[in-house]
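Structure data (compact mmCIF, C-alpha atoms and all ligand atoms) from structure-v2.txt:
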```txt
# COMPACT_ATOMS: atom_id res chain seq x y z
CA MET V 1256 -86.49 120.09 37.98
CA SER V 1257 -84.97 123.55 38.23
CA ALA V 1258 -86.53 126.47 36.41
CA LEU V 1259 -85.25 127.99 33.18
CA LEU V 1260 -84.99 131.45 34.75
CA GLU V 1261 -84.51 131.95 38.46
CA LEU V 1262 -84.20 135.17 40.43
CA GLU V 1263 -83.13 134.81 44.02
CA ASP V 1264 -83.34 137.74 46.40
CA VAL V 1265 -82.46 140.23 43.66
CA ARG V 1266 -81.75 143.75 44.81
CA CYS V 1267 -80.96 146.64 42.52
CA GLY V 1268 -81.73 150.23 41.74
CA TYR V 1269 -80.54 153.36 40.02
CA GLY V 1270 -77.53 154.99 41.65
CA PRO V 1271 -78.34 155.52 45.30
CA THR V 1272 -82.03 154.71 44.84
CA SER V 1273 -82.84 151.08 45.55
CA VAL V 1274 -85.86 149.80 43.67
CA LEU V 1275 -85.93 146.01 44.03
CA HIS V 1276 -85.65 144.88 47.65
CA GLY V 1277 -85.13 141.16 47.27
CA VAL V 1278 -87.18 139.75 44.40
CA SER V 1279 -87.34 135.99 43.89
CA LEU V 1280 -89.19 134.39 41.02
CA ALA V 1281 -88.97 131.48 38.61
CA VAL V 1282 -90.03 130.81 35.04
CA PRO V 1283 -90.19 127.12 34.09
CA GLU V 1284 -88.96 125.85 30.72
CA GLY V 1285 -91.71 126.50 28.20
CA GLY V 1286 -93.97 128.21 30.75
CA ILE V 1287 -95.77 131.55 30.75
CA VAL V 1288 -95.41 133.59 33.94
CA SER V 1289 -96.94 137.01 34.61
CA LEU V 1290 -95.26 139.79 36.52
CA LEU V 1291 -97.90 142.26 37.64
CA GLY V 1292 -98.01 145.38 39.76
CA ALA V 1293 -98.90 149.05 39.81
CA ASN V 1294 -96.96 151.88 38.16
CA GLY V 1295 -93.48 152.11 39.58
CA ALA V 1296 -93.61 148.73 41.35
CA GLY V 1297 -90.36 147.63 39.68
CA LYS V 1298 -91.53 145.43 36.80
CA THR V 1299 -89.41 147.08 34.12
CA THR V 1300 -86.48 147.27 36.53
CA THR V 1301 -86.74 143.50 37.04
CA LEU V 1302 -86.49 142.94 33.27
CA ARG V 1303 -83.55 145.36 33.06
CA ALA V 1304 -81.73 143.40 35.75
CA ILE V 1305 -82.28 140.15 33.84
CA THR V 1306 -81.06 141.61 30.55
CA GLY V 1307 -77.86 143.03 31.95
CA GLY V 1308 -78.86 146.69 31.98
CA LEU V 1309 -78.38 147.12 35.73
CA ARG V 1310 -76.02 145.81 38.37
CA TRP V 1311 -77.71 143.65 40.96
CA LEU V 1312 -77.15 141.71 44.17
CA GLY V 1313 -78.56 138.25 44.81
CA GLU V 1314 -78.61 135.73 41.99
CA ILE V 1315 -80.07 135.45 38.51
CA ARG V 1316 -79.66 132.11 36.78
CA PHE V 1317 -80.67 131.08 33.30
CA ALA V 1318 -80.58 127.39 32.39
CA GLY V 1319 -78.59 126.79 35.57
CA ARG V 1320 -75.95 129.39 34.80
CA SER V 1321 -75.45 132.72 36.58
CA LEU V 1322 -75.96 135.87 34.50
CA ARG V 1323 -73.73 137.88 36.85
CA ARG V 1324 -71.48 140.32 35.02
CA MET V 1325 -72.75 139.18 31.65
CA HIS V 1326 -73.26 141.85 29.02
CA THR V 1327 -76.59 142.38 27.32
CA GLU V 1328 -75.46 140.97 23.97
CA ASP V 1329 -74.21 137.76 25.61
CA ILE V 1330 -77.49 137.44 27.46
CA VAL V 1331 -79.27 137.61 24.10
CA GLY V 1332 -76.81 134.98 22.92
CA VAL V 1333 -77.81 132.49 25.63
CA GLY V 1334 -81.44 132.76 24.51
CA ILE V 1335 -83.19 135.65 26.23
CA ALA V 1336 -85.05 138.05 23.93
CA HIS V 1337 -86.35 141.28 25.42
CA VAL V 1338 -89.27 143.20 23.95
CA PRO V 1339 -88.86 146.40 25.96
CA GLU V 1340 -91.36 148.94 27.17
CA GLY V 1341 -92.12 151.21 24.25
CA ARG V 1342 -91.20 148.37 21.83
CA GLY V 1343 -87.63 149.44 21.02
CA ILE V 1344 -87.98 149.25 17.26
CA LEU V 1345 -85.95 151.60 15.08
CA THR V 1346 -88.38 153.85 13.26
CA GLU V 1347 -85.71 155.23 10.92
CA LEU V 1348 -85.24 151.72 9.48
CA THR V 1349 -87.60 149.66 7.36
CA VAL V 1350 -89.64 146.77 8.71
CA ASP V 1351 -87.26 144.35 7.03
CA GLU V 1352 -84.16 146.03 8.47
CA ASN V 1353 -85.67 145.81 11.94
CA LEU V 1354 -86.34 142.10 11.45
CA LYS V 1355 -82.78 141.55 10.24
CA LEU V 1356 -81.55 142.93 13.55
CA GLY V 1357 -83.34 140.02 15.21
CA ALA V 1358 -81.65 137.41 13.05
CA HIS V 1359 -78.20 138.94 12.62
CA ARG V 1360 -76.46 136.95 15.36
CA ARG V 1361 -77.72 133.57 14.20
CA LYS V 1362 -75.27 131.04 12.95
CA ASP V 1363 -77.66 128.35 11.78
CA GLY V 1364 -77.60 129.38 8.13
CA ALA V 1365 -79.68 131.32 5.63
CA THR V 1366 -82.17 128.52 4.99
CA ALA V 1367 -83.15 128.22 8.64
CA VAL V 1368 -83.46 131.99 8.95
CA ARG V 1369 -85.62 132.17 5.81
CA LYS V 1370 -87.89 129.49 7.22
CA ASP V 1371 -88.34 131.47 10.41
CA TYR V 1372 -89.07 134.62 8.40
CA ASP V 1373 -91.86 132.73 6.66
CA ARG V 1374 -93.29 131.63 9.98
CA VAL V 1375 -93.09 135.12 11.43
CA PHE V 1376 -94.88 136.45 8.34
CA GLU V 1377 -97.54 133.80 8.81
CA TYR V 1378 -98.11 135.06 12.32
CA PHE V 1379 -98.04 138.70 11.22
CA PRO V 1380 -99.00 138.94 7.51
CA VAL V 1381 -99.11 142.73 7.73
CA LEU V 1382 -95.34 142.78 8.27
CA ARG V 1383 -94.81 140.97 4.99
CA GLU V 1384 -96.98 143.50 3.17
CA ARG V 1385 -95.07 146.37 4.75
CA ARG V 1386 -91.61 144.88 4.79
CA ASN V 1387 -90.02 147.54 2.60
CA LEU V 1388 -91.71 150.47 4.30
CA SER V 1389 -90.28 152.57 7.07
CA ALA V 1390 -91.21 151.21 10.51
CA SER V 1391 -92.42 154.73 11.31
CA THR V 1392 -95.41 154.18 9.00
CA LEU V 1393 -96.74 151.32 11.14
CA SER V 1394 -99.57 151.74 13.63
CA GLY V 1395 -98.89 151.17 17.33
CA GLY V 1396 -100.19 147.62 17.12
CA GLU V 1397 -98.09 146.86 14.05
CA GLN V 1398 -95.00 148.26 15.77
CA GLN V 1399 -95.65 145.95 18.71
CA MET V 1400 -96.00 143.06 16.25
CA LEU V 1401 -92.69 144.03 14.68
CA ALA V 1402 -90.97 144.11 18.07
CA ILE V 1403 -92.31 140.64 18.89
CA ALA V 1404 -91.47 139.30 15.42
CA ARG V 1405 -87.90 140.56 15.77
CA ALA V 1406 -87.62 138.81 19.14
CA MET V 1407 -88.97 135.58 17.59
CA LEU V 1408 -86.21 135.69 14.98
CA MET V 1409 -83.62 135.63 17.76
CA GLN V 1410 -84.64 132.02 18.44
CA PRO V 1411 -85.03 132.63 22.15
CA ARG V 1412 -85.67 130.10 24.89
CA LEU V 1413 -87.23 132.88 26.93
CA MET V 1414 -89.05 135.99 25.81
CA LEU V 1415 -89.42 138.97 28.14
CA LEU V 1416 -92.39 141.13 27.21
CA ASP V 1417 -92.81 144.53 28.84
CA GLU V 1418 -96.46 145.64 28.65
CA PRO V 1419 -97.20 144.50 25.11
CA SER V 1420 -100.81 145.68 25.46
CA LEU V 1421 -99.97 149.27 26.33
CA GLY V 1422 -101.90 151.79 24.28
CA LEU V 1423 -103.40 149.22 21.91
CA ALA V 1424 -107.03 148.56 21.04
CA PRO V 1425 -108.52 145.49 22.76
CA LEU V 1426 -108.93 143.52 19.54
CA VAL V 1427 -105.31 144.09 18.55
CA VAL V 1428 -104.20 143.05 22.02
CA ARG V 1429 -106.26 139.86 21.78
CA SER V 1430 -104.69 138.87 18.49
CA ILE V 1431 -101.15 139.63 19.69
CA PHE V 1432 -101.70 137.57 22.83
CA GLU V 1433 -103.09 134.68 20.82
CA ILE V 1434 -99.96 134.70 18.67
CA ILE V 1435 -97.72 134.76 21.72
CA ARG V 1436 -99.60 131.78 23.10
CA THR V 1437 -99.28 129.88 19.81
CA PHE V 1438 -95.57 130.66 19.62
CA ASN V 1439 -95.11 129.51 23.22
CA GLN V 1440 -96.82 126.22 22.48
CA ALA V 1441 -95.34 125.54 19.06
CA ASP V 1442 -91.75 126.47 19.90
CA HIS V 1443 -91.79 125.73 23.61
CA VAL V 1444 -90.47 129.24 24.26
CA ALA V 1445 -90.96 130.44 27.82
CA VAL V 1446 -92.47 133.88 28.42
CA LEU V 1447 -92.17 136.34 31.27
CA LEU V 1448 -95.04 138.72 30.70
CA VAL V 1449 -95.06 142.11 32.40
CA GLU V 1450 -98.51 143.63 32.30
CA GLN V 1451 -100.73 146.21 33.90
CA ASN V 1452 -103.67 144.46 32.32
CA ALA V 1453 -103.83 141.84 35.06
CA ARG V 1454 -106.99 140.17 33.85
CA LEU V 1455 -105.53 139.40 30.45
CA ALA V 1456 -102.13 138.38 31.81
CA LEU V 1457 -103.70 135.94 34.27
CA GLU V 1458 -105.62 134.33 31.43
CA MET V 1459 -102.40 133.77 29.51
CA SER V 1460 -100.12 132.56 32.26
CA THR V 1461 -99.93 129.55 34.53
CA ASP V 1462 -98.23 131.39 37.40
CA ALA V 1463 -98.06 134.99 38.47
CA TYR V 1464 -96.17 137.32 40.77
CA VAL V 1465 -97.45 140.68 41.96
CA LEU V 1466 -94.80 143.27 42.77
CA GLU V 1467 -95.46 145.99 45.26
CA VAL V 1468 -92.76 148.64 45.73
CA GLY V 1469 -89.94 146.34 44.77
CA ARG V 1470 -91.13 143.26 46.64
CA VAL V 1471 -93.17 140.23 45.68
CA ALA V 1472 -96.44 140.84 47.54
CA VAL V 1473 -98.35 137.86 46.14
CA LYS V 1474 -97.45 134.82 44.08
CA GLY V 1475 -99.30 131.78 42.99
CA ALA V 1476 -101.09 129.93 40.24
CA SER V 1477 -102.75 132.43 37.88
CA ALA V 1478 -106.10 130.68 38.19
CA GLU V 1479 -105.98 131.02 41.97
CA LEU V 1480 -105.05 134.69 41.89
CA LYS V 1481 -107.80 135.32 39.38
CA GLY V 1482 -110.31 133.69 41.68
CA ASN V 1483 -109.14 135.36 44.86
CA GLU V 1484 -111.42 138.33 45.52
CA SER V 1485 -109.17 140.07 48.05
CA VAL V 1486 -106.02 139.66 45.96
CA ARG V 1487 -107.89 141.02 42.97
CA ARG V 1488 -109.15 144.06 44.85
CA SER V 1489 -105.98 144.83 46.74
CA TYR V 1490 -103.41 144.25 44.05
CA LEU V 1491 -104.91 143.79 40.65
CA GLY V 1492 -107.37 146.68 40.54
CA TYR V 1493 -110.37 144.92 39.04
N1 LIG V 1501 -83.74 155.28 34.92
C1 LIG V 1501 -84.21 155.47 36.17
N2 LIG V 1501 -83.56 156.24 37.07
C2 LIG V 1501 -84.04 156.42 38.33
N3 LIG V 1501 -85.15 155.84 38.80
C3 LIG V 1501 -85.84 155.06 37.96
C4 LIG V 1501 -85.42 154.82 36.61
N4 LIG V 1501 -86.30 154.00 36.01
C5 LIG V 1501 -87.23 153.72 36.94
N5 LIG V 1501 -86.96 154.35 38.12
C6 LIG V 1501 -87.75 154.27 39.36
O1 LIG V 1501 -87.79 152.91 39.77
C7 LIG V 1501 -89.08 152.57 40.28
C8 LIG V 1501 -89.59 151.34 39.51
O2 LIG V 1501 -89.77 151.70 38.15
P1 LIG V 1501 -90.13 150.65 37.03
O3 LIG V 1501 -90.01 151.37 35.75
O4 LIG V 1501 -89.35 149.43 37.24
O5 LIG V 1501 -91.66 150.36 37.38
P2 LIG V 1501 -92.74 149.56 36.57
O6 LIG V 1501 -93.33 148.58 37.52
O7 LIG V 1501 -92.19 149.07 35.31
O8 LIG V 1501 -93.84 150.71 36.30
P3 LIG V 1501 -94.76 151.00 35.01
O9 LIG V 1501 -95.95 150.13 35.16
O10 LIG V 1501 -95.10 152.44 35.16
O11 LIG V 1501 -93.97 150.72 33.77
C9 LIG V 1501 -89.93 153.81 40.14
O12 LIG V 1501 -89.97 154.45 41.39
C10 LIG V 1501 -89.21 154.64 39.13
O13 LIG V 1501 -89.39 156.01 39.38
MG MG V 1502 -92.56 149.48 33.34
```
Turn this file's structure into structure tokens for me.
Ligand SMILES: Nc1ncnc2c1ncn2[C@@H]1O[C@H](COP(=O)(O)OP(=O)(O)OP(=O)(O)O)[C@@H](O)[C@H]1O
Ligand SMILES: [Mg+2]
Amino acid sequence: MSALLELEDVRCGYGPTSVLHGVSLAVPEGGIVSLLGANGAGKTTTLRAITGGLRWLGEIRFAGRSLRRMHTEDIVGVGIAHVPEGRGILTELTVDENLKLGAHRRKDGATAVRKDYDRVFEYFPVLRERRNLSASTLSGGEQQMLAIARAMLMQPRLMLLDEPSLGLAPLVVRSIFEIIRTFNQADHVAVLLVEQNARLALEMSTDAYVLEVGRVAVKGASAELKGNESVRRSYLGY
């Protein structure tokens, strides 16, 4: 069976600077895959290539179809939701207005959307309490929850998460990761999880890739990477 998302020898960069030097990876339907690596390894750049923010060489396929020359909004339309580095929520809008941005392209009717709102509020009750407040009043953890909730409302088949744990207290991170896991299992939504917190990411995922200066240095089952002393020391920093 072919994967839901496949990158084959992807090369890209910014202007004359090449950053990815031939990255290949796969995310199976309904799976959770980690993309790890040090600062500047190219993790965010990989997500930008997938979401149409950068031109690339090689091949990126989603559900068997090439994403070449597709615009970001069409990529969202095929079922890829991106929770970017720094969360990407609009702090000048309310919580509710941010959530509406997640659902605004849906064509499956108000009842279905309302049902998904209820589910999202079950996952993140604090967003229901704060729904009419400005998103700028939320804590860092709550803003991350809002970004994930908005992505859930897009009804994705794949969610790309760029360092969801960054800057958050360990307990908040735990609860966010638990919710992502529940969502993955309940809705069969695949996840590509970019993290610097390798230990946590390997616990969540079934497979993992470690990027080193724009190349895949190590790949394998998460459990194996976790148990491999030399991989841990050389690439994962714990
Ligand atoms: N907009 C940009 N213009 C030019 N170079 C960039 C740009 N964004 C990133 N880079 C460079 O590309 C390389 C990869 O950066 P990228 O942001 O993909 O790394 P990362 O693995 O996400 O790192 P981090 O863990 O710090 O988020 C770095 O050398 C970085 O300086
Ligand atoms: Mg990054």
Exercise for the section: Return as number ranges by chain every polymer residue, whether protein, DNA or RNA, with at least one atom no more than 8 Å from an atom of ligand MG 1502 (chain V); count only C-alpha atoms and all ligand atoms. Expected result: V: 1294-1295, 1297-1300, 1340, 1417-1418, 1449
Rounded to one decimal, what separation in Å do you get between atom CA of Arg1412 of chain V and atom CA of Val1444 of chain V?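 If I compute the distance from atom CA of Arg1412 of chain V to atom CA of Val1444 of chain V, I get 4.9 Å.
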Quick one: what's the axis-aligned box for ligand LIG 1501 (chain V), all listed atoms, 5 Å on every side, centre and edges in Å to one decimal, as lines of an AutoDock Vina configuration file?
```
center_x = -89.8
center_y = 152.5
center_z = 37.6
size_x = 22.4
size_y = 17.8
size_z = 17.6
```
Report as a tab-separated table: every residue of segment 1270-1338 of chain V with an atom at most 8 Å from segment 1465-1475 of chain V, its closest pair of atoms, and their distance in Å to one decimal, counting all atoms listed in the file, with rows sorted by chain and ascending residue number.
```
residue	atom	partner	partner_atom	distance
V:Val1274	CA	V:Gly1469	CA	5.5
V:Leu1275	CA	V:Gly1469	CA	4.1
V:His1276	CA	V:Gly1469	CA	5.4
V:Gly1277	CA	V:Arg1470	CA	6.4
V:Val1278	CA	V:Arg1470	CA	5.7
V:Ser1279	CA	V:Val1471	CA	7.4
V:Leu1290	CA	V:Val1465	CA	5.9
V:Leu1291	CA	V:Val1465	CA	4.6
V:Gly1292	CA	V:Leu1466	CA	4.9
V:Ala1293	CA	V:Glu1467	CA	7.1
V:Gly1295	CA	V:Val1468	CA	7.1
V:Ala1296	CA	V:Val1468	CA	4.5
V:Gly1297	CA	V:Gly1469	CA	5.3
V:Lys1298	CA	V:Leu1466	CA	7.1
```
Keeping C-alpha atoms, export the residues of the selection given above as a short mmCIF file (atom, residue, chain, number, x, y, z; two decimals), in the coordinates of the input.
```
data_model
loop_
_atom_site.label_atom_id
_atom_site.label_comp_id
_atom_site.auth_asym_id
_atom_site.auth_seq_id
_atom_site.Cartn_x
_atom_site.Cartn_y
_atom_site.Cartn_z
CA VAL V 1274 -85.86 149.80 43.67
CA LEU V 1275 -85.93 146.01 44.03
CA HIS V 1276 -85.65 144.88 47.65
CA GLY V 1277 -85.13 141.16 47.27
CA VAL V 1278 -87.18 139.75 44.40
CA SER V 1279 -87.34 135.99 43.89
CA LEU V 1290 -95.26 139.79 36.52
CA LEU V 1291 -97.90 142.26 37.64
CA GLY V 1292 -98.01 145.38 39.76
CA ALA V 1293 -98.90 149.05 39.81
CA GLY V 1295 -93.48 152.11 39.58
CA ALA V 1296 -93.61 148.73 41.35
CA GLY V 1297 -90.36 147.63 39.68
CA LYS V 1298 -91.53 145.43 36.80
#
```
Between atom C5 of ligand LIG 1501 (chain V) and atom CA of Tyr1269 of chain V, distance in Å (one decimal):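 Calculated distance between atom C5 of ligand LIG 1501 (chain V) and atom CA of Tyr1269 of chain V is 7.4 Å.
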From atom CA of Leu1408 of chain V to atom CA of Ile1305 of chain V the spacing works out at 19.8 Å
Segment 1350-1357 of chain V: which residues within 7 Å, counting all atoms listed in the file, same-chain residues fewer than 3 positions away excluded, as a PDB file with C-alpha atoms, keeping the file's coordinate frame?
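Output (selection-v2.pdb):
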```pdb
ATOM      1  CA  ILE V1344     -87.980 149.250  17.260  1.00  0.00           C
ATOM      2  CA  LEU V1345     -85.950 151.600  15.080  1.00  0.00           C
ATOM      3  CA  LEU V1382     -95.340 142.780   8.270  1.00  0.00           C
ATOM      4  CA  ARG V1385     -95.070 146.370   4.750  1.00  0.00           C
ATOM      5  CA  ARG V1386     -91.610 144.880   4.790  1.00  0.00           C
ATOM      6  CA  ASN V1387     -90.020 147.540   2.600  1.00  0.00           C
ATOM      7  CA  LEU V1388     -91.710 150.470   4.300  1.00  0.00           C
ATOM      8  CA  SER V1389     -90.280 152.570   7.070  1.00  0.00           C
ATOM      9  CA  ALA V1390     -91.210 151.210  10.510  1.00  0.00           C
ATOM     10  CA  ARG V1405     -87.900 140.560  15.770  1.00  0.00           C
ATOM     11  CA  ALA V1406     -87.620 138.810  19.140  1.00  0.00           C
ATOM     12  CA  LEU V1408     -86.210 135.690  14.980  1.00  0.00           C
ATOM     13  CA  MET V1409     -83.620 135.630  17.760  1.00  0.00           C
TER      14      MET V1409
END
```
Measuring between all atoms listed in the file, which one of V:Leu1260, V:Leu1401, V:Ala1367, V:Val1381 shows the shortest distance to Ile1315 of chain V?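 Looking at the shortest contact to Ile1315 of chain V, the residue is V:Leu1260.
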- prompt: With all atoms listed in the file as the atoms that count, which of V:Val1428, V:Met1407, V:Ala1336, V:Ala1453 lies nearest to ligand LIG 1501 (chain V)?
  reply: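 Looking only at the distances to ligand LIG 1501 (chain V), the closest residue turns out to be V:Ala1453.
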Of V:Gln1410, V:Ser1321, V:Thr1461, V:Ser1391, the one sitting nearest His1337 of chain V when using all atoms listed in the file is V:Gln1410
Find the residues around Glu1328 of chain V up to 9 Å (only C-alpha atoms counted), leave out those fewer than 5 positions away in its own chain, and share them as number ranges by chain. V: 1306-1307, 1333
Writer output for current selection, C-alpha atoms, as an mmCIF file, in the coordinates of the input:
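See out_17.cif below for the written result:
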```
data_model
loop_
_atom_site.group_PDB
_atom_site.id
_atom_site.type_symbol
_atom_site.label_atom_id
_atom_site.label_comp_id
_atom_site.auth_asym_id
_atom_site.auth_seq_id
_atom_site.Cartn_x
_atom_site.Cartn_y
_atom_site.Cartn_z
ATOM 1 C CA THR V 1306 -81.060 141.610 30.550
ATOM 2 C CA GLY V 1307 -77.860 143.030 31.950
ATOM 3 C CA VAL V 1333 -77.810 132.490 25.630
#
```
Select, from V:Leu1322, V:Leu1421, V:Val1288, V:Leu1393, the residue with the minimum atom-to-atom distance to ligand LIG 1501 (chain V), counting only C-alpha atoms and all ligand atoms.
->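 Closest residue, counting only C-alpha atoms and all ligand atoms: V:Leu1421.
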With a distance cut-off of 10 Å and only C-alpha atoms, select the neighbouring residues of Leu1309 of chain V, excluding the residue or stretch itself and same-chain residues fewer than 3 positions from it, and output the selection as an MDAnalysis selection string. chainID V and resid 1267:1270 1300:1306 1324 1326:1327
message = Restricting the calculation to only C-alpha atoms: of V:Arg1320, V:Ile1335, V:Ala1281, V:Asp1329, which residue gets closest to Met1414 of chain V?
response =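 Distance minimum relative to Met1414 of chain V lands on V:Ile1335.
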(request) Could you tell me which of V:Pro1283, V:Pro1411, V:Gly1395, V:Gly1364 comes closest to Gly1334 of chain V if we count only C-alpha atoms? (result)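 Ranking V:Pro1283, V:Pro1411, V:Gly1395, V:Gly1364 by distance to Gly1334 of chain V, first place goes to V:Pro1411.
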When you look at Leu1423 of chain V with a cut-off of 12 Å (counting all atoms listed in the file), what residues show up, excluding the ones that are within fewer than 4 positions of it in the same chain? I need them as a JSON list (two decimals) with C-alpha atoms, in the coordinates of the input.
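Generated file (selection.json):
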```
[["chain", "number", "residue", "atom", "x", "y", "z"],
["V", 1341, "GLY", "CA", -92.12, 151.21, 24.25],
["V", 1394, "SER", "CA", -99.57, 151.74, 13.63],
["V", 1395, "GLY", "CA", -98.89, 151.17, 17.33],
["V", 1396, "GLY", "CA", -100.19, 147.62, 17.12],
["V", 1397, "GLU", "CA", -98.09, 146.86, 14.05],
["V", 1398, "GLN", "CA", -95.00, 148.26, 15.77],
["V", 1399, "GLN", "CA", -95.65, 145.95, 18.71],
["V", 1400, "MET", "CA", -96.00, 143.06, 16.25],
["V", 1418, "GLU", "CA", -96.46, 145.64, 28.65],
["V", 1419, "PRO", "CA", -97.20, 144.50, 25.11],
["V", 1427, "VAL", "CA", -105.31, 144.09, 18.55],
["V", 1428, "VAL", "CA", -104.20, 143.05, 22.02],
["V", 1429, "ARG", "CA", -106.26, 139.86, 21.78],
["V", 1430, "SER", "CA", -104.69, 138.87, 18.49],
["V", 1431, "ILE", "CA", -101.15, 139.63, 19.69],
["V", 1432, "PHE", "CA", -101.70, 137.57, 22.83],
["V", 1452, "ASN", "CA", -103.67, 144.46, 32.32]]
```
Protein and nucleic acid residues near (-90.7, 133.4, 41.1) (cut-off 7 Å, only C-alpha atoms) as a list of chain:residue names
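Counting only C-alpha atoms, I find these residues within 7 Å of (-90.7, 133.4, 41.1): V:Glu1261, V:Leu1262, V:Ser1279, V:Leu1280, V:Ala1281, V:Val1282, V:Tyr1464.
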